[in-house]
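*Asks:* Okay, so here is query_8.txt, and as you'll see once you scroll down, it has compact mmCIF, C-alpha atoms and all ligand atoms.
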```txt
# COMPACT_ATOMS: atom_id res chain seq x y z
CA MET S 1 89.05 89.48 59.03
CA MET S 2 90.87 92.58 57.81
CA GLU S 3 94.59 92.68 58.59
CA PHE S 4 96.36 95.65 60.15
CA PRO S 5 99.99 94.56 60.55
CA GLU S 6 101.10 98.01 61.76
CA ILE S 7 98.73 97.71 64.71
CA LYS S 8 100.23 94.38 65.73
CA GLU S 9 103.74 95.74 65.37
CA ARG S 10 103.05 98.83 67.51
CA ILE S 11 101.33 96.82 70.22
CA GLY S 12 104.27 94.42 70.31
CA LYS S 13 106.71 97.27 70.71
CA ILE S 14 104.71 98.93 73.50
CA ARG S 15 104.31 95.66 75.38
CA SER S 16 108.03 95.01 75.22
CA GLU S 17 108.69 98.43 76.73
CA ILE S 18 106.32 98.06 79.69
CA PRO S 19 106.22 94.42 80.72
CA GLY S 20 103.73 93.63 83.46
CA VAL S 21 101.55 96.67 82.83
CA ASP S 22 98.08 96.14 81.34
CA LEU S 23 97.44 97.75 77.99
CA LEU S 24 94.08 99.42 77.45
CA LEU S 25 93.46 100.70 73.95
CA ALA S 26 91.69 104.06 73.81
CA THR S 27 89.47 103.48 70.80
CA LYS S 28 87.75 106.83 70.23
CA THR S 29 87.38 107.51 66.49
CA VAL S 30 88.78 104.03 65.73
CA ASP S 31 86.59 101.84 63.51
CA THR S 32 85.42 98.49 64.76
CA ASP S 33 87.43 96.48 62.19
CA ARG S 34 90.62 97.79 63.78
CA ILE S 35 89.32 97.28 67.30
CA ARG S 36 88.35 93.69 66.50
CA TYR S 37 91.75 93.03 64.99
CA ALA S 38 93.57 94.41 68.04
CA VAL S 39 91.57 92.24 70.40
CA LYS S 40 91.37 89.04 68.38
CA GLU S 41 94.74 89.03 66.64
CA CYS S 42 96.87 90.86 69.21
CA GLY S 43 95.21 89.64 72.38
CA VAL S 44 94.45 93.06 73.83
CA GLY S 45 92.35 92.57 76.96
CA TYR S 46 90.95 96.06 77.54
CA ILE S 47 89.42 98.71 75.35
CA GLY S 48 88.21 102.13 76.51
CA GLU S 49 85.68 104.42 74.89
CA ASN S 50 85.28 107.97 76.03
CA ARG S 51 82.04 109.13 74.52
CA VAL S 52 78.68 107.61 75.36
CA GLN S 53 77.26 108.19 71.88
CA GLU S 54 80.22 106.56 70.17
CA LEU S 55 80.18 103.59 72.53
CA LEU S 56 76.49 103.02 71.81
CA GLU S 57 77.06 103.23 68.06
CA LYS S 58 79.88 100.69 68.15
CA TYR S 59 78.55 98.44 70.86
CA ASP S 60 76.83 95.77 68.73
CA ARG S 61 80.07 95.26 66.81
CA ILE S 62 82.32 94.94 69.86
CA LYS S 63 80.17 93.35 72.55
CA ASP S 64 81.12 89.77 71.58
CA LEU S 65 84.85 90.44 71.83
CA PRO S 66 86.89 88.60 74.48
CA CYS S 67 87.97 91.80 76.20
CA GLU S 68 86.69 94.16 78.85
CA ILE S 69 85.07 97.38 77.68
CA HIS S 70 85.83 100.35 79.93
CA PHE S 71 84.55 103.91 79.96
CA ILE S 72 87.38 106.44 80.20
CA GLY S 73 85.89 109.82 79.24
CA THR S 74 83.93 112.56 80.91
CA LEU S 75 80.58 111.13 81.90
CA GLN S 76 77.44 113.15 82.42
CA LYS S 77 75.14 111.89 85.13
CA ASN S 78 72.15 111.65 82.83
CA LYS S 79 74.05 109.26 80.53
CA VAL S 80 75.11 106.73 83.15
CA LYS S 81 71.98 104.72 82.44
CA TYR S 82 73.05 104.08 78.84
CA ILE S 83 76.38 102.50 79.68
CA ILE S 84 75.80 100.84 83.04
CA ASP S 85 75.18 97.41 81.48
CA LYS S 86 77.85 97.74 78.78
CA VAL S 87 81.11 98.48 80.58
CA SER S 88 82.99 96.72 83.35
CA LEU S 89 85.00 99.66 84.74
CA ILE S 90 84.41 103.42 84.71
CA HIS S 91 87.78 105.18 85.03
CA SER S 92 86.55 108.73 85.15
CA VAL S 93 84.57 109.26 88.33
CA GLY S 94 85.43 112.81 89.29
CA SER S 95 82.57 113.76 91.59
CA VAL S 96 80.59 112.23 94.41
CA SER S 97 77.32 113.04 92.66
CA LEU S 98 78.40 111.03 89.60
CA CYS S 99 79.32 108.16 91.88
CA GLU S 100 75.88 108.38 93.47
CA GLU S 101 74.20 108.11 90.09
CA ILE S 102 76.37 105.12 89.13
CA ASP S 103 75.39 103.48 92.41
CA ARG S 104 71.71 104.14 91.70
CA GLN S 105 71.81 102.73 88.18
CA ALA S 106 73.94 99.75 89.21
CA GLU S 107 71.45 98.91 91.92
CA LYS S 108 68.63 99.00 89.36
CA HIS S 109 70.52 96.48 87.25
CA GLY S 110 71.45 94.33 90.20
CA ILE S 111 75.18 94.77 89.67
CA VAL S 112 78.16 96.34 91.39
CA MET S 113 80.06 98.70 89.06
CA ASN S 114 83.85 98.92 89.24
CA VAL S 115 85.05 102.52 89.30
CA LEU S 116 88.21 104.58 89.61
CA CYS S 117 88.44 107.93 91.32
CA GLU S 118 89.75 110.49 88.83
CA VAL S 119 92.44 112.85 90.11
CA ASN S 120 93.19 116.20 88.51
CA ILE S 121 96.85 115.90 89.39
CA GLY S 122 97.92 119.00 87.46
CA ARG S 123 95.17 121.14 89.02
CA GLU S 124 94.06 122.16 85.53
CA GLU S 125 90.91 124.27 85.20
CA SER S 126 89.95 122.48 82.02
CA LYS S 127 90.06 119.01 83.53
CA SER S 128 87.63 117.14 85.68
CA GLY S 129 88.49 115.03 88.66
CA PHE S 130 89.22 115.58 92.33
CA LEU S 131 92.08 117.78 93.42
CA PRO S 132 94.85 115.79 95.09
CA GLU S 133 93.90 116.97 98.58
CA GLU S 134 90.30 115.89 97.99
CA VAL S 135 91.22 112.31 97.15
CA PRO S 136 91.31 110.84 100.68
CA ALA S 137 87.75 111.90 101.53
CA ALA S 138 86.47 111.20 98.02
CA PHE S 139 87.80 107.65 97.93
CA GLU S 140 86.47 106.99 101.42
CA LYS S 141 83.05 108.24 100.34
CA MET S 142 83.10 106.11 97.19
CA LEU S 143 83.77 103.04 99.35
CA SER S 144 80.51 103.65 101.21
CA PHE S 145 78.22 102.92 98.23
CA SER S 146 76.88 99.40 98.07
CA HIS S 147 76.68 99.09 94.28
CA VAL S 148 79.99 100.72 93.43
CA ARG S 149 83.36 99.05 93.85
CA PRO S 150 86.24 101.56 93.87
CA LEU S 151 89.41 99.88 92.63
CA GLY S 152 91.86 102.78 92.56
CA LEU S 153 92.77 105.99 90.79
CA MET S 154 92.90 107.37 87.26
CA THR S 155 94.64 110.52 86.10
CA MET S 156 95.20 112.48 82.90
CA ALA S 157 98.50 114.28 83.43
CA PRO S 158 98.98 117.70 81.85
CA VAL S 159 100.85 117.63 78.55
CA CYS S 160 104.51 117.99 79.55
CA GLU S 161 107.63 119.09 77.69
CA ASN S 162 109.91 116.56 79.30
CA ARG S 163 110.08 113.21 81.04
CA GLU S 164 110.87 114.68 84.44
CA ASP S 165 107.61 116.61 84.56
CA TYR S 166 105.57 113.50 83.73
CA ILE S 167 107.47 111.60 86.40
CA LYS S 168 106.65 114.30 88.95
CA PHE S 169 102.88 114.09 88.26
CA PHE S 170 102.83 110.30 88.09
CA THR S 171 104.83 109.91 91.28
CA LYS S 172 102.38 112.18 93.11
CA THR S 173 99.48 110.10 91.81
CA TYR S 174 101.19 106.86 92.82
CA ARG S 175 101.67 108.23 96.35
CA LEU S 176 97.95 109.05 96.58
CA PHE S 177 97.13 105.55 95.30
CA ILE S 178 99.33 103.86 97.91
CA ASP S 179 98.18 106.06 100.77
CA ASN S 180 94.45 106.04 100.06
CA CYS S 181 93.48 103.07 97.93
CA VAL S 182 95.67 100.00 97.98
CA LYS S 183 94.81 98.80 101.47
CA LYS S 184 91.14 99.71 101.15
CA VAL S 185 90.29 98.00 97.89
CA ASP S 186 88.24 94.82 98.35
CA ASN S 187 91.02 92.26 98.72
CA ARG S 188 89.49 89.90 96.16
CA TYR S 189 90.37 92.48 93.51
CA LYS S 190 93.61 93.93 92.22
CA PRO S 191 94.03 97.68 92.88
CA VAL S 192 94.12 99.70 89.66
CA LEU S 193 96.23 102.76 88.88
CA SER S 194 95.27 104.03 85.41
CA MET S 195 97.74 106.58 84.06
CA GLY S 196 99.89 107.20 80.99
CA MET S 197 98.92 107.72 77.34
CA SER S 198 100.78 107.59 74.01
CA GLY S 199 103.24 110.31 74.95
CA SER S 200 103.79 109.23 78.53
CA TYR S 201 103.23 105.50 79.01
CA ARG S 202 106.89 104.67 79.71
CA GLU S 203 107.06 107.26 82.49
CA ALA S 204 103.71 106.12 83.90
CA ALA S 205 104.82 102.48 83.93
CA GLN S 206 108.06 103.45 85.64
CA CYS S 207 106.01 105.26 88.32
CA GLY S 208 103.71 102.34 89.14
CA ALA S 209 100.81 102.44 86.67
CA THR S 210 98.97 99.12 86.55
CA VAL S 211 97.25 100.07 83.28
CA VAL S 212 98.11 102.57 80.55
CA ARG S 213 95.54 103.98 78.11
CA ILE S 214 96.92 104.19 74.59
CA GLY S 215 95.31 105.46 71.41
CA SER S 216 97.40 107.21 68.78
CA ALA S 217 100.62 105.26 69.40
CA VAL S 218 98.73 102.17 68.22
CA PHE S 219 96.12 103.48 65.78
CA GLY S 220 97.92 106.56 64.43
CA GLU S 221 97.03 110.21 64.83
CA ARG S 222 93.33 110.99 65.06
CA LYS S 223 91.97 113.31 62.40
CA THR S 224 89.47 115.15 64.51
CA LYS S 225 90.66 117.82 66.88
CA ASN S 226 88.05 117.80 69.61
CA ASP S 227 88.35 114.17 70.54
CA THR S 228 89.10 113.95 74.21
C1 LIG J 301 92.21 109.52 74.01
C2 LIG J 301 92.48 109.14 75.41
C3 LIG J 301 93.64 108.46 75.76
C4 LIG J 301 94.72 108.06 74.77
O1 LIG J 301 95.29 109.16 74.16
P1 LIG J 301 96.52 109.00 73.16
O2 LIG J 301 97.35 110.20 73.38
O3 LIG J 301 95.94 108.92 71.79
O4 LIG J 301 97.23 107.75 73.51
C5 LIG J 301 93.80 108.10 77.11
N1 LIG J 301 92.89 108.43 78.05
C6 LIG J 301 91.77 109.10 77.74
C7 LIG J 301 90.81 109.43 78.82
C8 LIG J 301 91.53 109.47 76.42
O5 LIG J 301 90.41 110.15 76.13
```
Can the structure from this file be put into structure tokens for me?

*Replies:*
Amino acid sequence: MMEFPEIKERIGKIRSEIPGVDLLLATKTVDTDRIRYAVKECGVGYIGENRVQELLEKYDRIKDLPCEIHFIGTLQKNKVKYIIDKVSLIHSVGSVSLCEEIDRQAEKHGIVMNVLCEVNIGREESKSGFLPEEVPAAFEKMLSFSHVRPLGLMTMAPVCENREDYIKFFTKTYRLFIDNCVKKVDNRYKPVLSMGMSGSYREAAQCGATVVRIGSAVFGERKTKNDT
């Protein structure tokens, strides 16, 4: 296997900074040699892809890995069918109609799909997800589908200049998670709060994230611009 010592070093550093928080590697644009190394040599338990096409291209080279594969990007309804049997958690469910389609496809496959309700915590026009005030009804609705298992919330905070602003957005998201999700999640499963990326994982962990999604802080800067 190819060796990538810098990947191991960066993962070790991040883990030491946020003990107890799960580390999901955001692997968009990352080649499968590096992904395999991170999982097999560094023991990473979760990887997240955010484009359907890219996931399908890589899938044969990652499907045997001893980790969960999650979907973390914007998902079009008509593409749910391609990933429904390949991922174990969809973080980015930002509409009831998407949830309906996931339920439909999961039923076809005889499975129950784990999902998170995506919150647009910064109320950004450019981002998908439910507005904070929509979360209570949205999560309740998601709980009503028989082939979908809502486990919690996911958010992409706006890019902030300073720590305090991240902490403000993450604290708001944590509040929504406690008030609307924790007691309602099927008690055989651990509630999930997915927030924090390379520039904000320490703040997210401090505010109660159960999983952070990290790409560039482990794999280096991505070359392509339009990659989220
Ligand atoms: C790319 C991506 C991340 C990680 O971003 P980095 O800043 O590279 O750590 C996290 N979440 C989602 C949804 C992403 O698309």

*Asks:* Which one of S:Lys184, S:Arg175, S:Arg10, S:Lys168 sits closest to Arg149 (chain S) if you count all atoms listed in the file?

*Replies:*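 Once distances to Arg149 (chain S) are computed over all atoms listed in the file, the minimum belongs to S:Lys184.
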
*Asks:* With a distance cut-off of 7 Å and only C-alpha atoms, select the neighbouring residues of region 75-92 of chain S, excluding the residue or stretch itself and same-chain residues fewer than 6 positions from it, and output the selection as a ChimeraX atom specification.

*Replies:* /S:68-69,98,101-102,105-106,113-118,154

*Asks:* Give the residue list for ligand LIG 301 (chain J) at 8 Å, counting all atoms listed in the file, as a PyMOL selection string, sorted by chain and then by residue number.

*Replies:* chain S and resi 25-28+48-50+72-74+92+156+195-199+212-218+220-222+227-228

*Asks:* If I put a ball of radius 9 Å at (109.0, 107.0, 82.3) in the file's coordinates, which residues poke into it when counting only C-alpha atoms, written as a PyMOL selection string?

*Replies:* chain S and resi 163-164+166-167+200-207

*Asks:* Show me the residues close to (88.1, 93.4, 58.6) - anything with an atom within 12 Å, counting all atoms listed in the file - and format the list as a PDB file with C-alpha atoms, in the frame of the given file.

*Replies:*
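To be explicit, this is the file written out as result-v7.pdb:
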```pdb
ATOM      1  CA  MET S   1      89.050  89.480  59.030  1.00  0.00           C
ATOM      2  CA  MET S   2      90.870  92.580  57.810  1.00  0.00           C
ATOM      3  CA  GLU S   3      94.590  92.680  58.590  1.00  0.00           C
ATOM      4  CA  PHE S   4      96.360  95.650  60.150  1.00  0.00           C
ATOM      5  CA  ASP S  31      86.590 101.840  63.510  1.00  0.00           C
ATOM      6  CA  THR S  32      85.420  98.490  64.760  1.00  0.00           C
ATOM      7  CA  ASP S  33      87.430  96.480  62.190  1.00  0.00           C
ATOM      8  CA  ARG S  34      90.620  97.790  63.780  1.00  0.00           C
ATOM      9  CA  ILE S  35      89.320  97.280  67.300  1.00  0.00           C
ATOM     10  CA  ARG S  36      88.350  93.690  66.500  1.00  0.00           C
ATOM     11  CA  TYR S  37      91.750  93.030  64.990  1.00  0.00           C
ATOM     12  CA  ALA S  38      93.570  94.410  68.040  1.00  0.00           C
ATOM     13  CA  LYS S  40      91.370  89.040  68.380  1.00  0.00           C
ATOM     14  CA  GLU S  41      94.740  89.030  66.640  1.00  0.00           C
ATOM     15  CA  ARG S  61      80.070  95.260  66.810  1.00  0.00           C
TER      16      ARG S  61
END
```

*Asks:* Mind filling out region 194-212 of chain S with N, CA, C and O atoms and sending it as a PDB file, keeping the file's coordinate frame?

*Replies:*
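The new file out_31.pdb reads:
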```
ATOM      1  N   SER S 194      95.396 103.807  86.855  1.00  0.00           N
ATOM      2  CA  SER S 194      95.270 104.030  85.410  1.00  0.00           C
ATOM      3  C   SER S 194      95.899 105.367  85.058  1.00  0.00           C
ATOM      4  O   SER S 194      95.347 106.423  85.345  1.00  0.00           O
ATOM      5  N   MET S 195      97.099 105.324  84.472  1.00  0.00           N
ATOM      6  CA  MET S 195      97.740 106.580  84.060  1.00  0.00           C
ATOM      7  C   MET S 195      98.747 106.305  82.952  1.00  0.00           C
ATOM      8  O   MET S 195      99.309 105.219  82.865  1.00  0.00           O
ATOM      9  N   GLY S 196      98.971 107.314  82.112  1.00  0.00           N
ATOM     10  CA  GLY S 196      99.890 107.200  80.990  1.00  0.00           C
ATOM     11  C   GLY S 196      99.135 107.009  79.693  1.00  0.00           C
ATOM     12  O   GLY S 196      98.186 106.232  79.623  1.00  0.00           O
ATOM     13  N   MET S 197      99.538 107.789  78.659  1.00  0.00           N
ATOM     14  CA  MET S 197      98.920 107.720  77.340  1.00  0.00           C
ATOM     15  C   MET S 197     100.061 107.579  76.311  1.00  0.00           C
ATOM     16  O   MET S 197     101.176 107.239  76.674  1.00  0.00           O
ATOM     17  N   SER S 198      99.757 107.841  75.041  1.00  0.00           N
ATOM     18  CA  SER S 198     100.780 107.590  74.010  1.00  0.00           C
ATOM     19  C   SER S 198     102.092 108.312  74.265  1.00  0.00           C
ATOM     20  O   SER S 198     103.155 107.763  74.015  1.00  0.00           O
ATOM     21  N   GLY S 199     102.009 109.534  74.754  1.00  0.00           N
ATOM     22  CA  GLY S 199     103.240 110.310  74.950  1.00  0.00           C
ATOM     23  C   GLY S 199     103.882 110.110  76.307  1.00  0.00           C
ATOM     24  O   GLY S 199     104.918 110.733  76.598  1.00  0.00           O
ATOM     25  N   SER S 200     103.298 109.277  77.158  1.00  0.00           N
ATOM     26  CA  SER S 200     103.790 109.230  78.530  1.00  0.00           C
ATOM     27  C   SER S 200     103.714 107.844  79.171  1.00  0.00           C
ATOM     28  O   SER S 200     103.902 107.714  80.372  1.00  0.00           O
ATOM     29  N   TYR S 201     103.460 106.807  78.375  1.00  0.00           N
ATOM     30  CA  TYR S 201     103.230 105.500  79.010  1.00  0.00           C
ATOM     31  C   TYR S 201     104.484 104.924  79.660  1.00  0.00           C
ATOM     32  O   TYR S 201     104.395 104.227  80.667  1.00  0.00           O
ATOM     33  N   ARG S 202     105.663 105.220  79.110  1.00  0.00           N
ATOM     34  CA  ARG S 202     106.890 104.670  79.710  1.00  0.00           C
ATOM     35  C   ARG S 202     107.092 105.267  81.101  1.00  0.00           C
ATOM     36  O   ARG S 202     107.412 104.568  82.056  1.00  0.00           O
ATOM     37  N   GLU S 203     106.898 106.579  81.201  1.00  0.00           N
ATOM     38  CA  GLU S 203     107.060 107.260  82.490  1.00  0.00           C
ATOM     39  C   GLU S 203     106.007 106.757  83.486  1.00  0.00           C
ATOM     40  O   GLU S 203     106.309 106.531  84.658  1.00  0.00           O
ATOM     41  N   ALA S 204     104.775 106.587  83.006  1.00  0.00           N
ATOM     42  CA  ALA S 204     103.710 106.120  83.900  1.00  0.00           C
ATOM     43  C   ALA S 204     104.027 104.715  84.415  1.00  0.00           C
ATOM     44  O   ALA S 204     103.865 104.427  85.608  1.00  0.00           O
ATOM     45  N   ALA S 205     104.497 103.855  83.524  1.00  0.00           N
ATOM     46  CA  ALA S 205     104.820 102.480  83.930  1.00  0.00           C
ATOM     47  C   ALA S 205     105.950 102.499  84.961  1.00  0.00           C
ATOM     48  O   ALA S 205     105.896 101.792  85.977  1.00  0.00           O
ATOM     49  N   GLN S 206     106.919 103.324  84.717  1.00  0.00           N
ATOM     50  CA  GLN S 206     108.060 103.450  85.640  1.00  0.00           C
ATOM     51  C   GLN S 206     107.592 103.921  87.025  1.00  0.00           C
ATOM     52  O   GLN S 206     108.177 103.571  88.044  1.00  0.00           O
ATOM     53  N   CYS S 207     106.510 104.701  87.058  1.00  0.00           N
ATOM     54  CA  CYS S 207     106.010 105.260  88.320  1.00  0.00           C
ATOM     55  C   CYS S 207     104.912 104.411  88.957  1.00  0.00           C
ATOM     56  O   CYS S 207     104.277 104.849  89.909  1.00  0.00           O
ATOM     57  N   GLY S 208     104.642 103.233  88.445  1.00  0.00           N
ATOM     58  CA  GLY S 208     103.710 102.340  89.140  1.00  0.00           C
ATOM     59  C   GLY S 208     102.322 102.192  88.537  1.00  0.00           C
ATOM     60  O   GLY S 208     101.433 101.618  89.182  1.00  0.00           O
ATOM     61  N   ALA S 209     102.112 102.670  87.316  1.00  0.00           N
ATOM     62  CA  ALA S 209     100.810 102.440  86.670  1.00  0.00           C
ATOM     63  C   ALA S 209     100.557 100.943  86.575  1.00  0.00           C
ATOM     64  O   ALA S 209     101.481 100.171  86.301  1.00  0.00           O
ATOM     65  N   THR S 210      99.304 100.524  86.798  1.00  0.00           N
ATOM     66  CA  THR S 210      98.970  99.120  86.550  1.00  0.00           C
ATOM     67  C   THR S 210      98.338  98.969  85.167  1.00  0.00           C
ATOM     68  O   THR S 210      98.317  97.890  84.614  1.00  0.00           O
ATOM     69  N   VAL S 211      97.815 100.079  84.630  1.00  0.00           N
ATOM     70  CA  VAL S 211      97.250 100.070  83.280  1.00  0.00           C
ATOM     71  C   VAL S 211      97.535 101.412  82.606  1.00  0.00           C
ATOM     72  O   VAL S 211      97.445 102.460  83.249  1.00  0.00           O
ATOM     73  N   VAL S 212      97.930 101.355  81.341  1.00  0.00           N
ATOM     74  CA  VAL S 212      98.110 102.570  80.550  1.00  0.00           C
ATOM     75  C   VAL S 212      97.034 102.599  79.468  1.00  0.00           C
ATOM     76  O   VAL S 212      96.577 101.552  79.020  1.00  0.00           O
TER      77      VAL S 212
END
```
